[in-house]
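K.L.:
Supplied in structure tokens, the structure appears directly below.
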Amino acid sequence: MNRVESFARDLRTGVTSAVRQASTIKTSARLDALKNSFKNPASARNQASEIKDYVIENFDELLTQFEAKATQNGIQIHHAATPENAREIILKLCQNANGPIVKGKSMATEEIHLNAALIEAGHEVVETDLGEFVVQLDGDTPSHIVTPIIHRTRQDVARSFLKAGIGPYTEDPAELAMQARKHLREKFKNAAIGISGVNFAVAETGRLVIVENEGNNRLSTTAPDIHIAVMGIEKLLPSETDLAVFLPLLAGSATGQNLTVYTHFITSPRKADEPDGPSHVHLVLLDCGRRKILESKFKEVLKCIRCGACLNVCPVYRQVSGHGYRHVYPGPIGAVLAPLLDPAFADLPHASTLCGACHEVCPVKIPIADLLVLHRSNNPTSATLSDTGFKKSATNPRMWQSTRRLAAIAMAATDWTEFHKAPEQQEDFRKWRRSNPPTPSGDKCPSDLESQAKVQVPKDSTTNSKDALSWKGRAVSGANWGGVPGDLESQASLVVTETSKTVADALKQLSPTLTVVCDDNLSEAVTKAGFKLADVWGADAGITCADAYIQETGTLILSTGEGKLRKASLCPPIHIAIVRQSQIVETLAEGIAKLGERTSVLITGPSRTADIEGVLVKGVHGPGEVIVIFVEG
């Protein structure tokens with residue numbers, strides 16, 4: 001099913017109303033998250049914009065620095081000038097794969113149409129993000145940068161799973177997510193290669209940074225022996241200190257969170273003393289027209305961090321959904337970027353109201369409306385005859401009054417309405433205006449969306465917006481060492497136990513019969529306490545020693561190292577982390593500064609998804625519960 005066919009289906013089934021509701025909720029959640037993360041969100045946006053401007057102006061120097069450091073770390077770099085080059089490189093890397101290829105969510109791989117090429121070459125390719133998994137089952141395409149199935153209902157998902165033999169019919173999003181977990185778990189166990197995108201690449205350290213909520217990216221980049229990352233060359237950041245701004249901006253703008261559940265800092269393939277992780281890490285750097293854009297007046301579009309906030313606030317996107325744009329990148333940012341990547345989409349900049357809402361919410365302050373106007377001035381001939389006629393009639397009041405009565409007849413005589421839907425008119429505007437003349441007022445409309453009132457969530461919405469933003473875990477017992485790290489009322493993605501007892505006592509308080517998998521340095525203590533060790537895929541709980549805990553965001557930091565098992569914090573349904581009080585830091589910036597040279601992950605709660613109608617489900621791929629035991633020292 002191509003994007004045009006998907007759009008026609010969307011209109012027939014009326015799913016654009018679901019898109020409008022979901023995008024409205026996302027816009028409201030964004031405001032709350034940014035206010036929680038930053039004392040001054042506007043200042044944070046300015047700072048992020050300036051950093052990305054610096055990247056654009058110093059691009060070659062930063063890319064060279066990044067490549068040198070990444071290569072030194074053991075990451076193998078590949079350059080792809082075109083989508084064809086990228087597919088050839090990846091097909092060669094996958095030619096000896098003896099198992100499934102599991103993929104994390106990646107717009108870059110969508111851009112180069114990677115799946116079709118791999119499948120044609122005879123490989124089993126499995127999308128593992130819940131939304132992307134549904135899209136793949138249906139032969140559909142994503143309609144949103146962040147939420148692939150924003151256009152699908154729970155009934156759609158249930159029918160797809162039943163037809164594919166994933167599980168029995170159910171309309172419960174939690175049960176559907178668990179059906180997907182069970183099915184995909186077998187793919188992860190047998191995977192030969194994992195493919196992911198990249199959110200940021202740090203020039204200073206050569207590290208790849210990937211953010212996600214579900215845990216499927218962690219599994220895709222940890223379980224297989226080979227990890228292939230695909231990244232547009234514009235994803236550079238100068239240093240890791242910049243991430244203290246970008247990570248909350250991206251999470252808040254994309255999903256209304258203070259921080260995503262998982263933030264991966266991938267440094268290298270696994271080292272000799274590490275028990276798991278990929279033995280080879282490849283990075284495919286995509287040009288695909290980006291260097292040409294960097295040298296053009298449109299270069300600011302490459303500041304985009306793919307948060308999707310401009311889609312959520314856009315009146316055009318809310319009306320037509322993502323498939324109406326016909327390109328991998330929809331919405332306002334897609335209307336700017338798509339024509340630059342492919343001239344066949346030169347009409348997209350003309351499908352915009354130029355209201356400027358996209359610029360108001362963009363976390364890196366891309367002047368999207370200005371770039372759309374620039375496109376229009378550069379390519380005025382792309383307008384169709386009907387567009388030209390509309391311009392003439394709309395600027396002549398008498399002509400407008402005459403032609404609008406004929407609009408319905410004229411539209412019915414063309415194929416435009418096959419894939420487009422005009423807004424329903426509730427009342428004739430001119431009649432309404434005559435009955436409601438304007439009254440003088442000294443009030444002015446706010447120019448910044450940050451100052452506007454929050455969008456109200458419909459009372460009958462299926463989305464629990466409060467649950468979508470925070471999660472309160474169960475406490476084994478109250479912490480009594482002098483204060484609970486982090487604001488558990490708003491961040492409570494981590495559970496705290498009392499530390500007056502030994503770790504073994506605390507574990508027994510949870511359950512005396514747990515089967516566990518743990519870091520090597522904990523094995524003796526765990527077995528002495530009477531717990532049985534189990535395989536990483538079959539254990540009830542995984543026990544790890546954390547490297548730090550960030551009080552500001554309620555976040556664990558785990559790094560690889562001698563005998564430290566990455567999958568212990570990922571595969572079992574419960575993750576138990578042990579943190580010393582001396583390892584607690586106050587801010588995200590301090591936590592990032594404490595990262596060593598090894599591959600690391602920031603964990604802010606249990607695995608989660610809200611892909612099915614915005615309903616929050618925990619434990620979709622990783623643990624459904626995260627427990628922290630604080631010990632003295």
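Chain labels run A, B, ... following the order of the structure tokens; each chain numbers its residues from 1, and ligands are numbered from 1 in the order shown.
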Excluding Ser607 in chain A and residues on its chain fewer than 4 positions from it, collect all residues at most 10 Å away from it, counting only C-alpha atoms, and give them as a PyMOL selection string.

P.N.:
chain A and resi 212-216+260-262+493+570+573+603+617-626

K.L.:
Would you put the residues from that selection into a file with C-alpha atoms, as an mmCIF file, in the first residue's frame?

P.N.:
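Result file selection-v7.cif:
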data_model
loop_
_atom_site.group_PDB
_atom_site.id
_atom_site.type_symbol
_atom_site.label_atom_id
_atom_site.label_comp_id
_atom_site.auth_asym_id
_atom_site.auth_seq_id
_atom_site.Cartn_x
_atom_site.Cartn_y
_atom_site.Cartn_z
ATOM 1 C CA GLU A 212 13.372 5.784 22.576
ATOM 2 C CA ASN A 213 10.682 4.597 24.984
ATOM 3 C CA GLU A 214 9.887 1.002 24.113
ATOM 4 C CA GLY A 215 13.260 -0.746 24.447
ATOM 5 C CA ASN A 216 13.139 -2.261 20.970
ATOM 6 C CA THR A 260 12.604 9.471 27.130
ATOM 7 C CA VAL A 261 12.796 6.107 28.913
ATOM 8 C CA TYR A 262 16.018 5.071 27.181
ATOM 9 C CA SER A 493 9.201 6.010 37.057
ATOM 10 C CA LEU A 570 16.410 -5.065 29.477
ATOM 11 C CA PRO A 573 9.994 -8.115 33.212
ATOM 12 C CA ILE A 603 17.009 4.714 31.994
ATOM 13 C CA VAL A 617 1.191 0.543 28.154
ATOM 14 C CA LYS A 618 4.243 -0.463 30.203
ATOM 15 C CA GLY A 619 6.564 -3.379 29.468
ATOM 16 C CA VAL A 620 6.116 -3.476 25.704
ATOM 17 C CA HIS A 621 9.688 -4.672 25.066
ATOM 18 C CA GLY A 622 11.740 -4.031 28.189
ATOM 19 C CA PRO A 623 10.836 -4.276 31.898
ATOM 20 C CA GLY A 624 7.387 -3.195 32.986
ATOM 21 C CA GLU A 625 8.758 -2.298 36.410
ATOM 22 C CA VAL A 626 12.001 -0.641 37.503
#

K.L.:
For the structure I just gave you, how does DSSP split range 190-411 of chain A - specifically, which residues are strand (DSSP E)? Reply as number ranges by chain.

P.N.:
A: 193-196, 200-202, 207-212, 226-232, 236-237, 262-266, 280-286

K.L.:
Which neighbours of Ser559 in chain A fall inside 7 Å, counting only C-alpha atoms, when residues of the same chain fewer than 2 positions from it are skipped, and could you give them as a list in words?

P.N.:
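Contacts, in chain order: Asp547, Ile557, Gly561, Arg598, Thr599, Ser600 and Val601 of chain A.
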
K.L.:
Counting only C-alpha atoms, which residues in range 210-251 of chain A sit no more than 8 Å from range 33-46 of chain A? For each one, give the nearest pair of atoms and the distance in Å, sorted by chain then residue number, as a Markdown table.

P.N.:
| residue | atom | partner | partner_atom | distance |
| --- | --- | --- | --- | --- |
| A:Val245 | CA | A:Ala44 | CA | 6.6 |
| A:Pro248 | CA | A:Ser37 | CA | 6.5 |
| A:Leu249 | CA | A:Leu34 | CA | 6.9 |

K.L.:
Could you dump the residues just selected with N, CA and C atoms as a CSV table (one decimal), in the first residue's frame?

P.N.:
chain,number,residue,atom,x,y,z
A,245,VAL,N,20.6,20.0,26.9
A,245,VAL,CA,19.6,20.9,26.3
A,245,VAL,C,18.7,20.1,25.4
A,248,PRO,N,16.0,16.9,26.7
A,248,PRO,CA,14.7,17.3,27.2
A,248,PRO,C,13.9,18.0,26.2
A,249,LEU,N,14.5,18.8,25.3
A,249,LEU,CA,13.8,19.5,24.2
A,249,LEU,C,13.1,18.5,23.3

K.L.:
List the spatial neighbours of Ala201 in chain A as a list in words - criterion: any atom at most 10 Å away, only C-alpha atoms, same-chain residues fewer than 6 positions off excluded.

P.N.:
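Once the nearby chain positions are removed, what remains is Leu63, Phe66, Glu67, Ala70, Arg207, Leu208, Val209, Ile210, Met231, Gly232, Ile233, Glu234, Lys235, Leu236, Leu237, Pro238, Ser239, Glu240, Phe265 and Ile266 of chain A.
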
K.L.:
Find the residue from A:Val102, A:Ala177, A:Ile90, A:Cys362 that sits nearest to Leu130 in chain A; use only C-alpha atoms when measuring.

P.N.:
A:Ala177

K.L.:
Using Å and a single decimal, report how far CA of Ile75 in chain A sits from CA of His282 in chain A.

P.N.:
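It comes out at 5.7 Å.
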
K.L.:
Could you check how far CA of Glu88 in chain A sits from CA of Pro278 in chain A, in Å to one decimal?

P.N.:
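Pair CA of Glu88 in chain A / CA of Pro278 in chain A returns 21.8 Å.
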
K.L.:
Hey, which of A:Thr71, A:Ala338, A:Thr263, A:Arg270 ends up closest to Leu588 in chain A? Count only C-alpha atoms.

P.N.:
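Smallest separation from Leu588 in chain A among the options: A:Thr263.
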